[in-house]
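Next up, coords_4.cif (mmCIF, N, CA and C atoms):
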```cif
data_final
loop_
_atom_site.label_atom_id
_atom_site.label_comp_id
_atom_site.auth_asym_id
_atom_site.auth_seq_id
_atom_site.Cartn_x
_atom_site.Cartn_y
_atom_site.Cartn_z
N MET A 22 18.89 2.81 -18.65
CA MET A 22 17.53 2.65 -19.09
C MET A 22 17.51 1.78 -20.34
N ASN A 23 16.53 0.91 -20.41
CA ASN A 23 16.40 0.00 -21.55
C ASN A 23 15.49 0.67 -22.58
N THR A 24 16.07 1.54 -23.39
CA THR A 24 15.31 2.33 -24.36
C THR A 24 14.52 1.46 -25.34
N PRO A 25 15.10 0.40 -25.90
CA PRO A 25 14.32 -0.43 -26.84
C PRO A 25 13.07 -1.03 -26.16
N LEU A 26 13.21 -1.46 -24.92
CA LEU A 26 12.06 -2.02 -24.21
C LEU A 26 10.99 -0.96 -23.98
N VAL A 27 11.40 0.22 -23.55
CA VAL A 27 10.45 1.31 -23.31
C VAL A 27 9.73 1.66 -24.61
N ASN A 28 10.45 1.76 -25.70
CA ASN A 28 9.83 2.07 -26.99
C ASN A 28 8.86 0.98 -27.42
N ALA A 29 9.23 -0.29 -27.21
CA ALA A 29 8.35 -1.40 -27.57
C ALA A 29 7.07 -1.37 -26.72
N LEU A 30 7.22 -1.07 -25.44
CA LEU A 30 6.04 -0.98 -24.57
C LEU A 30 5.12 0.15 -25.00
N LEU A 31 5.70 1.29 -25.32
CA LEU A 31 4.88 2.42 -25.79
C LEU A 31 4.15 2.07 -27.07
N GLN A 32 4.85 1.42 -27.98
CA GLN A 32 4.21 1.02 -29.24
C GLN A 32 3.07 0.04 -28.97
N LEU A 33 3.28 -0.89 -28.05
CA LEU A 33 2.23 -1.85 -27.70
C LEU A 33 1.04 -1.14 -27.06
N ILE A 34 1.30 -0.23 -26.15
CA ILE A 34 0.22 0.51 -25.48
C ILE A 34 -0.58 1.32 -26.49
N HIS A 35 0.10 1.97 -27.40
CA HIS A 35 -0.60 2.77 -28.42
C HIS A 35 -1.42 1.90 -29.38
N SER A 36 -1.07 0.62 -29.48
CA SER A 36 -1.82 -0.26 -30.38
C SER A 36 -3.07 -0.85 -29.71
N LEU A 37 -3.23 -0.64 -28.41
CA LEU A 37 -4.39 -1.18 -27.70
C LEU A 37 -5.67 -0.45 -28.09
N SER A 38 -6.77 -1.15 -27.97
CA SER A 38 -8.08 -0.51 -28.18
C SER A 38 -8.32 0.46 -27.03
N PRO A 39 -9.21 1.42 -27.22
CA PRO A 39 -9.51 2.36 -26.12
C PRO A 39 -9.98 1.64 -24.85
N GLU A 40 -10.74 0.56 -25.02
CA GLU A 40 -11.21 -0.19 -23.86
C GLU A 40 -10.05 -0.86 -23.12
N ASP A 41 -9.15 -1.47 -23.89
CA ASP A 41 -7.99 -2.13 -23.28
C ASP A 41 -7.07 -1.11 -22.62
N ARG A 42 -6.91 0.04 -23.26
CA ARG A 42 -6.06 1.08 -22.69
C ARG A 42 -6.66 1.60 -21.38
N ALA A 43 -7.99 1.76 -21.34
CA ALA A 43 -8.66 2.20 -20.12
C ALA A 43 -8.48 1.16 -19.01
N ALA A 44 -8.59 -0.12 -19.36
CA ALA A 44 -8.40 -1.18 -18.37
C ALA A 44 -6.97 -1.17 -17.84
N LEU A 45 -6.00 -0.95 -18.73
CA LEU A 45 -4.60 -0.88 -18.32
C LEU A 45 -4.38 0.30 -17.38
N GLU A 46 -4.93 1.45 -17.71
CA GLU A 46 -4.78 2.63 -16.85
C GLU A 46 -5.42 2.40 -15.49
N GLU A 47 -6.57 1.76 -15.48
CA GLU A 47 -7.23 1.48 -14.20
C GLU A 47 -6.37 0.56 -13.35
N LYS A 48 -5.84 -0.48 -13.96
CA LYS A 48 -4.95 -1.40 -13.23
C LYS A 48 -3.73 -0.67 -12.71
N GLN A 49 -3.14 0.16 -13.55
CA GLN A 49 -1.89 0.83 -13.21
C GLN A 49 -2.09 1.85 -12.10
N PHE A 50 -3.17 2.60 -12.14
CA PHE A 50 -3.31 3.73 -11.22
C PHE A 50 -4.22 3.46 -10.04
N PHE A 51 -5.10 2.47 -10.10
CA PHE A 51 -6.05 2.29 -9.02
C PHE A 51 -5.85 1.02 -8.22
N ASP A 52 -5.18 0.03 -8.74
CA ASP A 52 -4.97 -1.19 -7.97
C ASP A 52 -4.01 -0.97 -6.80
N ASN A 53 -3.16 0.02 -6.89
CA ASN A 53 -2.18 0.28 -5.84
C ASN A 53 -2.54 1.52 -5.03
N ALA A 54 -3.84 1.83 -4.95
CA ALA A 54 -4.26 3.04 -4.24
C ALA A 54 -4.02 2.93 -2.74
N TYR A 55 -3.99 1.71 -2.22
CA TYR A 55 -3.81 1.50 -0.79
C TYR A 55 -2.46 0.82 -0.55
N PRO A 56 -1.79 1.20 0.52
CA PRO A 56 -0.49 0.55 0.80
C PRO A 56 -0.69 -0.90 1.23
N SER A 57 0.32 -1.71 0.97
CA SER A 57 0.29 -3.09 1.43
C SER A 57 0.48 -3.10 2.95
N ASN A 58 0.22 -4.23 3.58
CA ASN A 58 0.41 -4.32 5.03
C ASN A 58 1.83 -3.98 5.46
N PRO A 59 2.85 -4.53 4.80
CA PRO A 59 4.22 -4.16 5.20
C PRO A 59 4.50 -2.66 5.02
N GLU A 60 3.95 -2.06 3.97
CA GLU A 60 4.15 -0.62 3.77
C GLU A 60 3.47 0.18 4.87
N ALA A 61 2.26 -0.24 5.27
CA ALA A 61 1.54 0.46 6.34
C ALA A 61 2.26 0.32 7.67
N ILE A 62 2.78 -0.87 7.95
CA ILE A 62 3.53 -1.09 9.19
C ILE A 62 4.79 -0.23 9.20
N ASN A 63 5.51 -0.23 8.08
CA ASN A 63 6.73 0.57 7.98
C ASN A 63 6.43 2.06 8.18
N LEU A 64 5.35 2.53 7.58
CA LEU A 64 4.95 3.93 7.73
C LEU A 64 4.64 4.25 9.18
N ALA A 65 3.87 3.37 9.83
CA ALA A 65 3.51 3.59 11.24
C ALA A 65 4.75 3.60 12.13
N LEU A 66 5.69 2.71 11.86
CA LEU A 66 6.90 2.64 12.68
C LEU A 66 7.79 3.87 12.50
N HIS A 67 7.89 4.35 11.29
CA HIS A 67 8.80 5.46 11.01
C HIS A 67 8.20 6.84 11.28
N THR A 68 6.88 6.92 11.43
CA THR A 68 6.26 8.22 11.68
C THR A 68 5.83 8.36 13.13
N ASN A 69 6.06 7.32 13.94
CA ASN A 69 5.70 7.34 15.35
C ASN A 69 4.21 7.63 15.55
N SER A 70 3.40 7.15 14.64
CA SER A 70 1.97 7.41 14.65
C SER A 70 1.26 6.85 15.88
N PHE A 71 1.81 5.80 16.45
CA PHE A 71 1.14 5.15 17.57
C PHE A 71 1.86 5.37 18.89
N ASP A 72 2.73 6.34 18.95
CA ASP A 72 3.44 6.63 20.20
C ASP A 72 2.50 7.01 21.33
N PHE A 73 1.34 7.57 21.01
CA PHE A 73 0.38 7.95 22.05
C PHE A 73 -0.05 6.74 22.88
N LEU A 74 0.07 5.53 22.31
CA LEU A 74 -0.32 4.34 23.05
C LEU A 74 0.62 4.04 24.21
N ASN A 75 1.83 4.60 24.17
CA ASN A 75 2.77 4.41 25.27
C ASN A 75 2.23 5.02 26.56
N GLU A 76 1.36 5.98 26.45
CA GLU A 76 0.78 6.65 27.62
C GLU A 76 -0.48 5.95 28.14
N GLU A 77 -0.97 4.96 27.38
CA GLU A 77 -2.17 4.25 27.78
C GLU A 77 -1.84 3.22 28.85
N PRO A 78 -2.78 2.95 29.76
CA PRO A 78 -2.53 1.93 30.79
C PRO A 78 -2.52 0.54 30.18
N ASP A 79 -1.87 -0.41 30.88
CA ASP A 79 -1.89 -1.80 30.43
C ASP A 79 -3.30 -2.32 30.48
N LEU A 80 -3.64 -3.19 29.56
CA LEU A 80 -4.96 -3.80 29.52
C LEU A 80 -4.91 -5.16 30.19
N TYR A 81 -5.98 -5.50 30.86
CA TYR A 81 -6.07 -6.78 31.54
C TYR A 81 -7.30 -7.52 31.05
N THR A 82 -7.20 -8.85 31.04
CA THR A 82 -8.38 -9.63 30.71
C THR A 82 -9.16 -9.88 32.00
N LEU A 83 -10.44 -10.16 31.88
CA LEU A 83 -11.25 -10.48 33.07
C LEU A 83 -10.85 -11.83 33.65
N GLU A 84 -10.33 -12.72 32.81
CA GLU A 84 -10.03 -14.09 33.26
C GLU A 84 -8.73 -14.16 34.08
N ASP A 85 -7.68 -13.46 33.67
CA ASP A 85 -6.41 -13.69 34.34
C ASP A 85 -5.79 -12.46 34.99
N GLY A 86 -6.28 -11.30 34.73
CA GLY A 86 -5.73 -10.12 35.35
C GLY A 86 -4.32 -9.78 34.90
N GLU A 87 -3.82 -10.42 33.85
CA GLU A 87 -2.47 -10.18 33.36
C GLU A 87 -2.50 -9.17 32.21
N PRO A 88 -1.43 -8.38 32.06
CA PRO A 88 -1.39 -7.44 30.94
C PRO A 88 -1.44 -8.18 29.61
N ILE A 89 -2.15 -7.61 28.66
CA ILE A 89 -2.19 -8.14 27.30
C ILE A 89 -1.12 -7.40 26.50
N GLY A 90 -0.23 -8.13 25.85
CA GLY A 90 0.77 -7.51 25.00
C GLY A 90 1.90 -7.04 25.74
#
```
Just dump the structure as structure tokens.
Amino acid sequence: MNTPLVNALLQLIHSLSPEDRAALEEKQFFDNAYPSNPEAINLALHTNSFDFLNEEPDLYTLEDGEPIG
């Protein structure tokens, strides 16, 4: 752990105005409230969330009658 860096960051955070500190907290805790696309895909793949689709029939278009996907 980089203790001097952590201490410097804490000192900097404590020196912020209440408004700036609130903005920092909002950025830190709320900007990442939703997973990124790769995280969501990884979650779906590893939890087998969409396995029920394996039981669904193949879909066909009206134009070609071929399976989609």
Could you check how far atom C of Phe71 in chain A sits from atom N of Leu83 in chain A, in Å to one decimal?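 Answer for the atom C of Phe71 in chain A to atom N of Leu83 in chain A separation: 23.7 Å.
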Contact residues around range 24-35 of chain A with only C-alpha atoms at 12 Å, ignoring same-chain residues under 3 positions, as a list in words: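 Counting only C-alpha atoms, the residues come to Ser38, Pro39, Glu40, Asp41, Arg42, Ala43, Ala44, Leu45 and Glu46 of chain A.
For the pair CA of Glu76 in chain A and CA of Tyr55 in chain A, the interatomic distance is 29.2 Å.
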Could you give me the residues within range 22-86 of chain A that DSSP places in alpha helix (DSSP H), as a ChimeraX atom specification? /A:24-36,39-51,58-68
Got time to write the residues from that selection, N, CA and C atoms, as a JSON list (two decimals), keeping the file's coordinate frame?
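Everything below was put into part_14.json:
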```
[["chain", "number", "residue", "atom", "x", "y", "z"],
["A", 24, "THR", "N", 16.07, 1.54, -23.39],
["A", 24, "THR", "CA", 15.31, 2.33, -24.36],
["A", 24, "THR", "C", 14.52, 1.46, -25.34],
["A", 25, "PRO", "N", 15.10, 0.40, -25.90],
["A", 25, "PRO", "CA", 14.32, -0.43, -26.84],
["A", 25, "PRO", "C", 13.07, -1.03, -26.16],
["A", 26, "LEU", "N", 13.21, -1.46, -24.92],
["A", 26, "LEU", "CA", 12.06, -2.02, -24.21],
["A", 26, "LEU", "C", 10.99, -0.96, -23.98],
["A", 27, "VAL", "N", 11.40, 0.22, -23.55],
["A", 27, "VAL", "CA", 10.45, 1.31, -23.31],
["A", 27, "VAL", "C", 9.73, 1.66, -24.61],
["A", 28, "ASN", "N", 10.45, 1.76, -25.70],
["A", 28, "ASN", "CA", 9.83, 2.07, -26.99],
["A", 28, "ASN", "C", 8.86, 0.98, -27.42],
["A", 29, "ALA", "N", 9.23, -0.29, -27.21],
["A", 29, "ALA", "CA", 8.35, -1.40, -27.57],
["A", 29, "ALA", "C", 7.07, -1.37, -26.72],
["A", 30, "LEU", "N", 7.22, -1.07, -25.44],
["A", 30, "LEU", "CA", 6.04, -0.98, -24.57],
["A", 30, "LEU", "C", 5.12, 0.15, -25.00],
["A", 31, "LEU", "N", 5.70, 1.29, -25.32],
["A", 31, "LEU", "CA", 4.88, 2.42, -25.79],
["A", 31, "LEU", "C", 4.15, 2.07, -27.07],
["A", 32, "GLN", "N", 4.85, 1.42, -27.98],
["A", 32, "GLN", "CA", 4.21, 1.02, -29.24],
["A", 32, "GLN", "C", 3.07, 0.04, -28.97],
["A", 33, "LEU", "N", 3.28, -0.89, -28.05],
["A", 33, "LEU", "CA", 2.23, -1.85, -27.70],
["A", 33, "LEU", "C", 1.04, -1.14, -27.06],
["A", 34, "ILE", "N", 1.30, -0.23, -26.15],
["A", 34, "ILE", "CA", 0.22, 0.51, -25.48],
["A", 34, "ILE", "C", -0.58, 1.32, -26.49],
["A", 35, "HIS", "N", 0.10, 1.97, -27.40],
["A", 35, "HIS", "CA", -0.60, 2.77, -28.42],
["A", 35, "HIS", "C", -1.42, 1.90, -29.38],
["A", 36, "SER", "N", -1.07, 0.62, -29.48],
["A", 36, "SER", "CA", -1.82, -0.26, -30.38],
["A", 36, "SER", "C", -3.07, -0.85, -29.71],
["A", 39, "PRO", "N", -9.21, 1.42, -27.22],
["A", 39, "PRO", "CA", -9.51, 2.36, -26.12],
["A", 39, "PRO", "C", -9.98, 1.64, -24.85],
["A", 40, "GLU", "N", -10.74, 0.56, -25.02],
["A", 40, "GLU", "CA", -11.21, -0.19, -23.86],
["A", 40, "GLU", "C", -10.05, -0.86, -23.12],
["A", 41, "ASP", "N", -9.15, -1.47, -23.89],
["A", 41, "ASP", "CA", -7.99, -2.13, -23.28],
["A", 41, "ASP", "C", -7.07, -1.11, -22.62],
["A", 42, "ARG", "N", -6.91, 0.04, -23.26],
["A", 42, "ARG", "CA", -6.06, 1.08, -22.69],
["A", 42, "ARG", "C", -6.66, 1.60, -21.38],
["A", 43, "ALA", "N", -7.99, 1.76, -21.34],
["A", 43, "ALA", "CA", -8.66, 2.20, -20.12],
["A", 43, "ALA", "C", -8.48, 1.16, -19.01],
["A", 44, "ALA", "N", -8.59, -0.12, -19.36],
["A", 44, "ALA", "CA", -8.40, -1.18, -18.37],
["A", 44, "ALA", "C", -6.97, -1.17, -17.84],
["A", 45, "LEU", "N", -6.00, -0.95, -18.73],
["A", 45, "LEU", "CA", -4.60, -0.88, -18.32],
["A", 45, "LEU", "C", -4.38, 0.30, -17.38],
["A", 46, "GLU", "N", -4.93, 1.45, -17.71],
["A", 46, "GLU", "CA", -4.78, 2.63, -16.85],
["A", 46, "GLU", "C", -5.42, 2.40, -15.49],
["A", 47, "GLU", "N", -6.57, 1.76, -15.48],
["A", 47, "GLU", "CA", -7.23, 1.48, -14.20],
["A", 47, "GLU", "C", -6.37, 0.56, -13.35],
["A", 48, "LYS", "N", -5.84, -0.48, -13.96],
["A", 48, "LYS", "CA", -4.95, -1.40, -13.23],
["A", 48, "LYS", "C", -3.73, -0.67, -12.71],
["A", 49, "GLN", "N", -3.14, 0.16, -13.55],
["A", 49, "GLN", "CA", -1.89, 0.83, -13.21],
["A", 49, "GLN", "C", -2.09, 1.85, -12.10],
["A", 50, "PHE", "N", -3.17, 2.60, -12.14],
["A", 50, "PHE", "CA", -3.31, 3.73, -11.22],
["A", 50, "PHE", "C", -4.22, 3.46, -10.04],
["A", 51, "PHE", "N", -5.10, 2.47, -10.10],
["A", 51, "PHE", "CA", -6.05, 2.29, -9.02],
["A", 51, "PHE", "C", -5.85, 1.02, -8.22],
["A", 58, "ASN", "N", 0.22, -4.23, 3.58],
["A", 58, "ASN", "CA", 0.41, -4.32, 5.03],
["A", 58, "ASN", "C", 1.83, -3.98, 5.46],
["A", 59, "PRO", "N", 2.85, -4.53, 4.80],
["A", 59, "PRO", "CA", 4.22, -4.16, 5.20],
["A", 59, "PRO", "C", 4.50, -2.66, 5.02],
["A", 60, "GLU", "N", 3.95, -2.06, 3.97],
["A", 60, "GLU", "CA", 4.15, -0.62, 3.77],
["A", 60, "GLU", "C", 3.47, 0.18, 4.87],
["A", 61, "ALA", "N", 2.26, -0.24, 5.27],
["A", 61, "ALA", "CA", 1.54, 0.46, 6.34],
["A", 61, "ALA", "C", 2.26, 0.32, 7.67],
["A", 62, "ILE", "N", 2.78, -0.87, 7.95],
["A", 62, "ILE", "CA", 3.53, -1.09, 9.19],
["A", 62, "ILE", "C", 4.79, -0.23, 9.20],
["A", 63, "ASN", "N", 5.51, -0.23, 8.08],
["A", 63, "ASN", "CA", 6.73, 0.57, 7.98],
["A", 63, "ASN", "C", 6.43, 2.06, 8.18],
["A", 64, "LEU", "N", 5.35, 2.53, 7.58],
["A", 64, "LEU", "CA", 4.95, 3.93, 7.73],
["A", 64, "LEU", "C", 4.64, 4.25, 9.18],
["A", 65, "ALA", "N", 3.87, 3.37, 9.83],
["A", 65, "ALA", "CA", 3.51, 3.59, 11.24],
["A", 65, "ALA", "C", 4.75, 3.60, 12.13],
["A", 66, "LEU", "N", 5.69, 2.71, 11.86],
["A", 66, "LEU", "CA", 6.90, 2.64, 12.68],
["A", 66, "LEU", "C", 7.79, 3.87, 12.50],
["A", 67, "HIS", "N", 7.89, 4.35, 11.29],
["A", 67, "HIS", "CA", 8.80, 5.46, 11.01],
["A", 67, "HIS", "C", 8.20, 6.84, 11.28],
["A", 68, "THR", "N", 6.88, 6.92, 11.43],
["A", 68, "THR", "CA", 6.26, 8.22, 11.68],
["A", 68, "THR", "C", 5.83, 8.36, 13.13]]
```
Students should find that CA of Ser57 in chain A and CA of Asn75 in chain A are spaced 25.1 Å
Need a file for range 52-65 of chain A from that block: all heavy atoms, written as a PDB file, in the first residue's frame.
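And here is the file that came out, decode09.pdb:
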```
ATOM      1  N   ASP A  52     -21.791   7.313 -10.062  1.00  0.00           N
ATOM      2  CA  ASP A  52     -21.478   7.165 -11.478  1.00  0.00           C
ATOM      3  C   ASP A  52     -21.318   5.700 -11.872  1.00  0.00           C
ATOM      4  O   ASP A  52     -21.470   5.352 -13.028  1.00  0.00           O
ATOM      5  CB  ASP A  52     -20.204   7.937 -11.843  1.00  0.00           C
ATOM      6  CG  ASP A  52     -20.458   9.427 -12.018  1.00  0.00           C
ATOM      7  OD1 ASP A  52     -21.625   9.842 -11.904  1.00  0.00           O
ATOM      8  OD2 ASP A  52     -19.503  10.153 -12.283  1.00  0.00           O
ATOM      9  N   ASN A  53     -20.996   4.847 -10.938  1.00  0.00           N
ATOM     10  CA  ASN A  53     -20.777   3.435 -11.239  1.00  0.00           C
ATOM     11  C   ASN A  53     -21.914   2.570 -10.720  1.00  0.00           C
ATOM     12  O   ASN A  53     -21.717   1.401 -10.412  1.00  0.00           O
ATOM     13  CB  ASN A  53     -19.448   2.974 -10.636  1.00  0.00           C
ATOM     14  CG  ASN A  53     -18.281   3.691 -11.269  1.00  0.00           C
ATOM     15  OD1 ASN A  53     -18.249   3.895 -12.460  1.00  0.00           O
ATOM     16  ND2 ASN A  53     -17.317   4.087 -10.460  1.00  0.00           N
ATOM     17  N   ALA A  54     -23.113   3.150 -10.623  1.00  0.00           N
ATOM     18  CA  ALA A  54     -24.246   2.406 -10.079  1.00  0.00           C
ATOM     19  C   ALA A  54     -24.680   1.275 -11.000  1.00  0.00           C
ATOM     20  O   ALA A  54     -25.256   0.296 -10.549  1.00  0.00           O
ATOM     21  CB  ALA A  54     -25.410   3.350  -9.812  1.00  0.00           C
ATOM     22  N   TYR A  55     -24.406   1.402 -12.296  1.00  0.00           N
ATOM     23  CA  TYR A  55     -24.809   0.390 -13.261  1.00  0.00           C
ATOM     24  C   TYR A  55     -23.568  -0.288 -13.830  1.00  0.00           C
ATOM     25  O   TYR A  55     -22.567   0.363 -14.075  1.00  0.00           O
ATOM     26  CB  TYR A  55     -25.630   1.021 -14.386  1.00  0.00           C
ATOM     27  CG  TYR A  55     -26.898   1.655 -13.872  1.00  0.00           C
ATOM     28  CD1 TYR A  55     -26.982   3.021 -13.691  1.00  0.00           C
ATOM     29  CD2 TYR A  55     -27.997   0.871 -13.549  1.00  0.00           C
ATOM     30  CE1 TYR A  55     -28.147   3.610 -13.208  1.00  0.00           C
ATOM     31  CE2 TYR A  55     -29.159   1.450 -13.067  1.00  0.00           C
ATOM     32  CZ  TYR A  55     -29.232   2.814 -12.909  1.00  0.00           C
ATOM     33  OH  TYR A  55     -30.370   3.372 -12.420  1.00  0.00           O
ATOM     34  N   PRO A  56     -23.653  -1.578 -14.076  1.00  0.00           N
ATOM     35  CA  PRO A  56     -22.478  -2.262 -14.643  1.00  0.00           C
ATOM     36  C   PRO A  56     -22.246  -1.841 -16.092  1.00  0.00           C
ATOM     37  O   PRO A  56     -23.183  -1.458 -16.798  1.00  0.00           O
ATOM     38  CB  PRO A  56     -22.862  -3.739 -14.559  1.00  0.00           C
ATOM     39  CG  PRO A  56     -24.352  -3.758 -14.544  1.00  0.00           C
ATOM     40  CD  PRO A  56     -24.760  -2.488 -13.852  1.00  0.00           C
ATOM     41  N   SER A  57     -21.003  -1.922 -16.514  1.00  0.00           N
ATOM     42  CA  SER A  57     -20.682  -1.645 -17.914  1.00  0.00           C
ATOM     43  C   SER A  57     -21.202  -2.801 -18.770  1.00  0.00           C
ATOM     44  O   SER A  57     -21.564  -3.869 -18.247  1.00  0.00           O
ATOM     45  CB  SER A  57     -19.166  -1.514 -18.082  1.00  0.00           C
ATOM     46  OG  SER A  57     -18.550  -2.775 -17.831  1.00  0.00           O
ATOM     47  N   ASN A  58     -21.243  -2.616 -20.072  1.00  0.00           N
ATOM     48  CA  ASN A  58     -21.702  -3.689 -20.955  1.00  0.00           C
ATOM     49  C   ASN A  58     -20.884  -4.967 -20.787  1.00  0.00           C
ATOM     50  O   ASN A  58     -21.466  -6.046 -20.654  1.00  0.00           O
ATOM     51  CB  ASN A  58     -21.707  -3.224 -22.412  1.00  0.00           C
ATOM     52  CG  ASN A  58     -22.864  -2.305 -22.718  1.00  0.00           C
ATOM     53  OD1 ASN A  58     -23.840  -2.248 -21.973  1.00  0.00           O
ATOM     54  ND2 ASN A  58     -22.774  -1.575 -23.816  1.00  0.00           N
ATOM     55  N   PRO A  59     -19.548  -4.879 -20.777  1.00  0.00           N
ATOM     56  CA  PRO A  59     -18.778  -6.113 -20.582  1.00  0.00           C
ATOM     57  C   PRO A  59     -19.070  -6.784 -19.230  1.00  0.00           C
ATOM     58  O   PRO A  59     -19.126  -8.008 -19.137  1.00  0.00           O
ATOM     59  CB  PRO A  59     -17.319  -5.657 -20.660  1.00  0.00           C
ATOM     60  CG  PRO A  59     -17.357  -4.405 -21.464  1.00  0.00           C
ATOM     61  CD  PRO A  59     -18.668  -3.753 -21.123  1.00  0.00           C
ATOM     62  N   GLU A  60     -19.279  -5.988 -18.181  1.00  0.00           N
ATOM     63  CA  GLU A  60     -19.605  -6.562 -16.876  1.00  0.00           C
ATOM     64  C   GLU A  60     -20.960  -7.262 -16.908  1.00  0.00           C
ATOM     65  O   GLU A  60     -21.120  -8.346 -16.348  1.00  0.00           O
ATOM     66  CB  GLU A  60     -19.613  -5.480 -15.799  1.00  0.00           C
ATOM     67  CG  GLU A  60     -18.241  -4.944 -15.467  1.00  0.00           C
ATOM     68  CD  GLU A  60     -18.298  -3.720 -14.557  1.00  0.00           C
ATOM     69  OE1 GLU A  60     -19.257  -2.933 -14.636  1.00  0.00           O
ATOM     70  OE2 GLU A  60     -17.346  -3.557 -13.777  1.00  0.00           O
ATOM     71  N   ALA A  61     -21.940  -6.650 -17.584  1.00  0.00           N
ATOM     72  CA  ALA A  61     -23.272  -7.256 -17.684  1.00  0.00           C
ATOM     73  C   ALA A  61     -23.224  -8.543 -18.494  1.00  0.00           C
ATOM     74  O   ALA A  61     -23.860  -9.547 -18.132  1.00  0.00           O
ATOM     75  CB  ALA A  61     -24.252  -6.271 -18.312  1.00  0.00           C
ATOM     76  N   ILE A  62     -22.467  -8.550 -19.580  1.00  0.00           N
ATOM     77  CA  ILE A  62     -22.324  -9.758 -20.402  1.00  0.00           C
ATOM     78  C   ILE A  62     -21.660 -10.858 -19.596  1.00  0.00           C
ATOM     79  O   ILE A  62     -22.106 -12.012 -19.606  1.00  0.00           O
ATOM     80  CB  ILE A  62     -21.531  -9.441 -21.689  1.00  0.00           C
ATOM     81  CG1 ILE A  62     -22.360  -8.539 -22.603  1.00  0.00           C
ATOM     82  CG2 ILE A  62     -21.114 -10.716 -22.405  1.00  0.00           C
ATOM     83  CD1 ILE A  62     -21.575  -7.935 -23.751  1.00  0.00           C
ATOM     84  N   ASN A  63     -20.590 -10.514 -18.891  1.00  0.00           N
ATOM     85  CA  ASN A  63     -19.879 -11.496 -18.072  1.00  0.00           C
ATOM     86  C   ASN A  63     -20.800 -12.075 -16.996  1.00  0.00           C
ATOM     87  O   ASN A  63     -20.817 -13.282 -16.754  1.00  0.00           O
ATOM     88  CB  ASN A  63     -18.644 -10.849 -17.448  1.00  0.00           C
ATOM     89  CG  ASN A  63     -17.706 -11.857 -16.847  1.00  0.00           C
ATOM     90  OD1 ASN A  63     -17.578 -12.969 -17.346  1.00  0.00           O
ATOM     91  ND2 ASN A  63     -17.042 -11.480 -15.775  1.00  0.00           N
ATOM     92  N   LEU A  64     -21.584 -11.229 -16.366  1.00  0.00           N
ATOM     93  CA  LEU A  64     -22.523 -11.677 -15.344  1.00  0.00           C
ATOM     94  C   LEU A  64     -23.549 -12.631 -15.937  1.00  0.00           C
ATOM     95  O   LEU A  64     -23.834 -13.689 -15.378  1.00  0.00           O
ATOM     96  CB  LEU A  64     -23.212 -10.472 -14.705  1.00  0.00           C
ATOM     97  CG  LEU A  64     -24.210 -10.770 -13.594  1.00  0.00           C
ATOM     98  CD1 LEU A  64     -23.513 -11.430 -12.406  1.00  0.00           C
ATOM     99  CD2 LEU A  64     -24.916  -9.507 -13.169  1.00  0.00           C
ATOM    100  N   ALA A  65     -24.104 -12.263 -17.091  1.00  0.00           N
ATOM    101  CA  ALA A  65     -25.109 -13.117 -17.740  1.00  0.00           C
ATOM    102  C   ALA A  65     -24.510 -14.467 -18.126  1.00  0.00           C
ATOM    103  O   ALA A  65     -25.154 -15.513 -17.955  1.00  0.00           O
ATOM    104  CB  ALA A  65     -25.674 -12.415 -18.968  1.00  0.00           C
TER     105      ALA A  65
END
```
